[in-house]
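Here's model.pdb, which has PDB, C-alpha atoms, pLDDT in the B column:
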ATOM      1  CA  MET A   1      -2.393 -29.316  49.993  1.00 48.00           C
ATOM      2  CA  GLY A   2      -4.542 -27.565  47.509  1.00 51.00           C
ATOM      3  CA  TYR A   3      -1.926 -27.448  44.765  1.00 55.00           C
ATOM      4  CA  GLY A   4      -4.079 -29.393  42.294  1.00 56.00           C
ATOM      5  CA  TRP A   5      -6.070 -28.137  39.333  1.00 59.00           C
ATOM      6  CA  ASN A   6      -7.875 -25.459  41.308  1.00 56.00           C
ATOM      7  CA  GLY A   7      -4.967 -24.505  43.529  1.00 55.00           C
ATOM      8  CA  GLY A   8      -4.767 -20.921  42.314  1.00 60.00           C
ATOM      9  CA  ASP A   9      -8.336 -20.305  43.458  1.00 67.00           C
ATOM     10  CA  TRP A  10      -9.180 -18.004  40.533  1.00 71.00           C
ATOM     11  CA  GLY A  11     -12.470 -19.763  39.845  1.00 75.00           C
ATOM     12  CA  TRP A  12     -14.593 -18.335  37.051  1.00 79.00           C
ATOM     13  CA  GLY A  13     -12.544 -15.127  37.000  1.00 83.00           C
ATOM     14  CA  GLY A  14      -9.538 -17.038  35.699  1.00 84.00           C
ATOM     15  CA  TRP A  15     -11.543 -18.585  32.883  1.00 86.00           C
ATOM     16  CA  LEU A  16     -13.036 -15.222  31.959  1.00 90.00           C
ATOM     17  CA  PHE A  17      -9.594 -13.637  31.958  1.00 91.00           C
ATOM     18  CA  MET A  18      -8.221 -16.396  29.680  1.00 92.00           C
ATOM     19  CA  VAL A  19     -11.102 -15.999  27.220  1.00 94.00           C
ATOM     20  CA  VAL A  20     -10.656 -12.220  27.049  1.00 96.00           C
ATOM     21  CA  MET A  21      -6.889 -12.530  26.585  1.00 96.00           C
ATOM     22  CA  MET A  22      -7.334 -15.128  23.818  1.00 97.00           C
ATOM     23  CA  VAL A  23      -9.696 -12.766  21.949  1.00 97.00           C
ATOM     24  CA  VAL A  24      -7.218  -9.896  22.368  1.00 97.00           C
ATOM     25  CA  PHE A  25      -4.368 -12.109  21.138  1.00 98.00           C
ATOM     26  CA  TRP A  26      -6.176 -13.226  17.966  1.00 97.00           C
ATOM     27  CA  ALA A  27      -7.431  -9.695  17.300  1.00 97.00           C
ATOM     28  CA  ALA A  28      -3.837  -8.429  17.460  1.00 97.00           C
ATOM     29  CA  ILE A  29      -2.705 -11.140  15.032  1.00 97.00           C
ATOM     30  CA  ILE A  30      -5.500 -10.323  12.565  1.00 97.00           C
ATOM     31  CA  ILE A  31      -4.831  -6.576  12.787  1.00 97.00           C
ATOM     32  CA  ALA A  32      -1.103  -7.140  12.175  1.00 97.00           C
ATOM     33  CA  VAL A  33      -1.840  -9.212   9.063  1.00 96.00           C
ATOM     34  CA  VAL A  34      -4.284  -6.613   7.702  1.00 94.00           C
ATOM     35  CA  LEU A  35      -1.803  -3.788   8.283  1.00 93.00           C
ATOM     36  CA  ALA A  36       0.996  -5.769   6.630  1.00 92.00           C
ATOM     37  CA  VAL A  37      -1.147  -6.382   3.547  1.00 90.00           C
ATOM     38  CA  ARG A  38      -2.114  -2.710   3.336  1.00 88.00           C
ATOM     39  CA  TYR A  39       1.506  -1.628   3.721  1.00 85.00           C
ATOM     40  CA  THR A  40       2.708  -3.891   0.921  1.00 84.00           C
ATOM     41  CA  ARG A  41      -0.051  -2.691  -1.380  1.00 81.00           C
ATOM     42  CA  GLN A  42       0.873   0.931  -0.697  1.00 69.00           C
ATOM     43  CA  GLU A  43       4.504   0.177  -1.500  1.00 58.00           C
ATOM     44  CA  HIS A  44       3.415  -1.426  -4.764  1.00 54.00           C
ATOM     45  CA  ARG A  45       1.426   1.692  -5.670  1.00 53.00           C
ATOM     46  CA  HIS A  46       4.497   3.803  -4.911  1.00 48.00           C
ATOM     47  CA  PHE A  47       6.503   1.973  -7.574  1.00 47.00           C
ATOM     48  CA  THR A  48       3.800   2.428 -10.228  1.00 46.00           C
ATOM     49  CA  SER A  49       2.998   6.063  -9.445  1.00 45.00           C
ATOM     50  CA  PRO A  50       5.548   7.711 -11.800  1.00 48.00           C
ATOM     51  CA  THR A  51       3.675   6.457 -14.863  1.00 52.00           C
ATOM     52  CA  LEU A  52       0.428   7.751 -13.403  1.00 50.00           C
ATOM     53  CA  ASP A  53       2.034  11.138 -12.711  1.00 53.00           C
ATOM     54  CA  ASP A  54       3.123  11.384 -16.359  1.00 54.00           C
ATOM     55  CA  ARG A  55      -0.533  11.574 -17.398  1.00 59.00           C
ATOM     56  CA  HIS A  56      -1.113  14.544 -15.093  1.00 71.00           C
ATOM     57  CA  ASP A  57       2.057  16.418 -16.039  1.00 82.00           C
ATOM     58  CA  PRO A  58       0.981  19.532 -17.993  1.00 87.00           C
ATOM     59  CA  ALA A  59       4.199  19.628 -20.042  1.00 87.00           C
ATOM     60  CA  LEU A  60       3.796  16.033 -21.220  1.00 87.00           C
ATOM     61  CA  ARG A  61       0.125  16.593 -21.914  1.00 89.00           C
ATOM     62  CA  LEU A  62       0.949  19.651 -24.050  1.00 90.00           C
ATOM     63  CA  LEU A  63       3.641  17.692 -25.876  1.00 90.00           C
ATOM     64  CA  GLU A  64       1.148  14.910 -26.630  1.00 90.00           C
ATOM     65  CA  GLU A  65      -1.377  17.451 -27.905  1.00 92.00           C
ATOM     66  CA  ARG A  66       1.202  19.040 -30.223  1.00 93.00           C
ATOM     67  CA  PHE A  67       2.152  15.605 -31.541  1.00 92.00           C
ATOM     68  CA  ALA A  68      -1.512  14.723 -32.061  1.00 92.00           C
ATOM     69  CA  ARG A  69      -2.141  17.956 -33.988  1.00 93.00           C
ATOM     70  CA  GLY A  70       0.874  17.241 -36.203  1.00 92.00           C
ATOM     71  CA  GLU A  71       2.910  20.252 -35.085  1.00 92.00           C
ATOM     72  CA  ILE A  72       5.910  18.019 -34.282  1.00 92.00           C
ATOM     73  CA  ASP A  73       7.042  14.715 -35.786  1.00 92.00           C
ATOM     74  CA  ALA A  74       7.649  11.419 -33.963  1.00 91.00           C
ATOM     75  CA  ASP A  75      11.406  11.970 -33.532  1.00 92.00           C
ATOM     76  CA  GLU A  76      10.878  15.396 -31.970  1.00 93.00           C
ATOM     77  CA  TYR A  77       8.151  13.978 -29.719  1.00 91.00           C
ATOM     78  CA  VAL A  78      10.395  11.154 -28.463  1.00 90.00           C
ATOM     79  CA  LYS A  79      13.334  13.506 -27.820  1.00 92.00           C
ATOM     80  CA  ARG A  80      11.271  16.000 -25.849  1.00 90.00           C
ATOM     81  CA  ARG A  81       9.381  13.292 -23.949  1.00 88.00           C
ATOM     82  CA  ASP A  82      12.662  11.711 -22.839  1.00 87.00           C
ATOM     83  CA  ILE A  83      13.908  15.089 -21.623  1.00 88.00           C
ATOM     84  CA  LEU A  84      10.735  15.760 -19.646  1.00 84.00           C
ATOM     85  CA  ARG A  85      10.573  12.379 -17.940  1.00 80.00           C
ATOM     86  CA  PRO A  86      12.622  12.211 -14.720  1.00 68.00           C
ATOM     87  CA  HIS A  87      14.030   8.696 -15.368  1.00 60.00           C
TER      88      HIS A  87
END

Written form, structure tokens:
Amino acid sequence: MGYGWNGGDWGWGGWLFMVVMMVVFWAAIIIAVVLAVRYTRQEHRHFTSPTLDDRHDPALRLLEERFARGEIDADEYVKRRDILRPH
């Protein structure tokens, strides 16, 4: 006897344990989703970073300045830019 609904005899402790475990479960799911979104956004930034690095490259910046001052023509600018870029 005693194998009914309350056969385990956990009482309120069992309910409290279930509530705590449900909160932990949903917190883990939410954290996993947030981390997955952050990871994919970081990967996306990784693919776009070479164009951002070009703006900070001193050699490319100097080449752009020389082209803007008229020291070199468009053909020379394009040739040198293609050499400097690591594509």

Atom-to-atom span, atom CA of A:Leu16 and atom CA of A:Leu35, Å: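 Atom-to-atom, atom CA of A:Leu16 to atom CA of A:Leu35, that is 28.6 Å.
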
Atom CA of A:Arg85 to atom CA of A:Asp57, distance in Å rounded to a single decimal: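 Pair atom CA of A:Arg85 / atom CA of A:Asp57 returns 9.6 Å.
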
Atom-to-atom span, atom CA of A:Phe67 and atom CA of A:Asp82, Å: 14.2 Å

Polymer residues at most 12 Å from A:Tyr77, only C-alpha atoms, same-chain spacing of 5 or more positions, as number ranges by chain: A: 59-72, 82-84
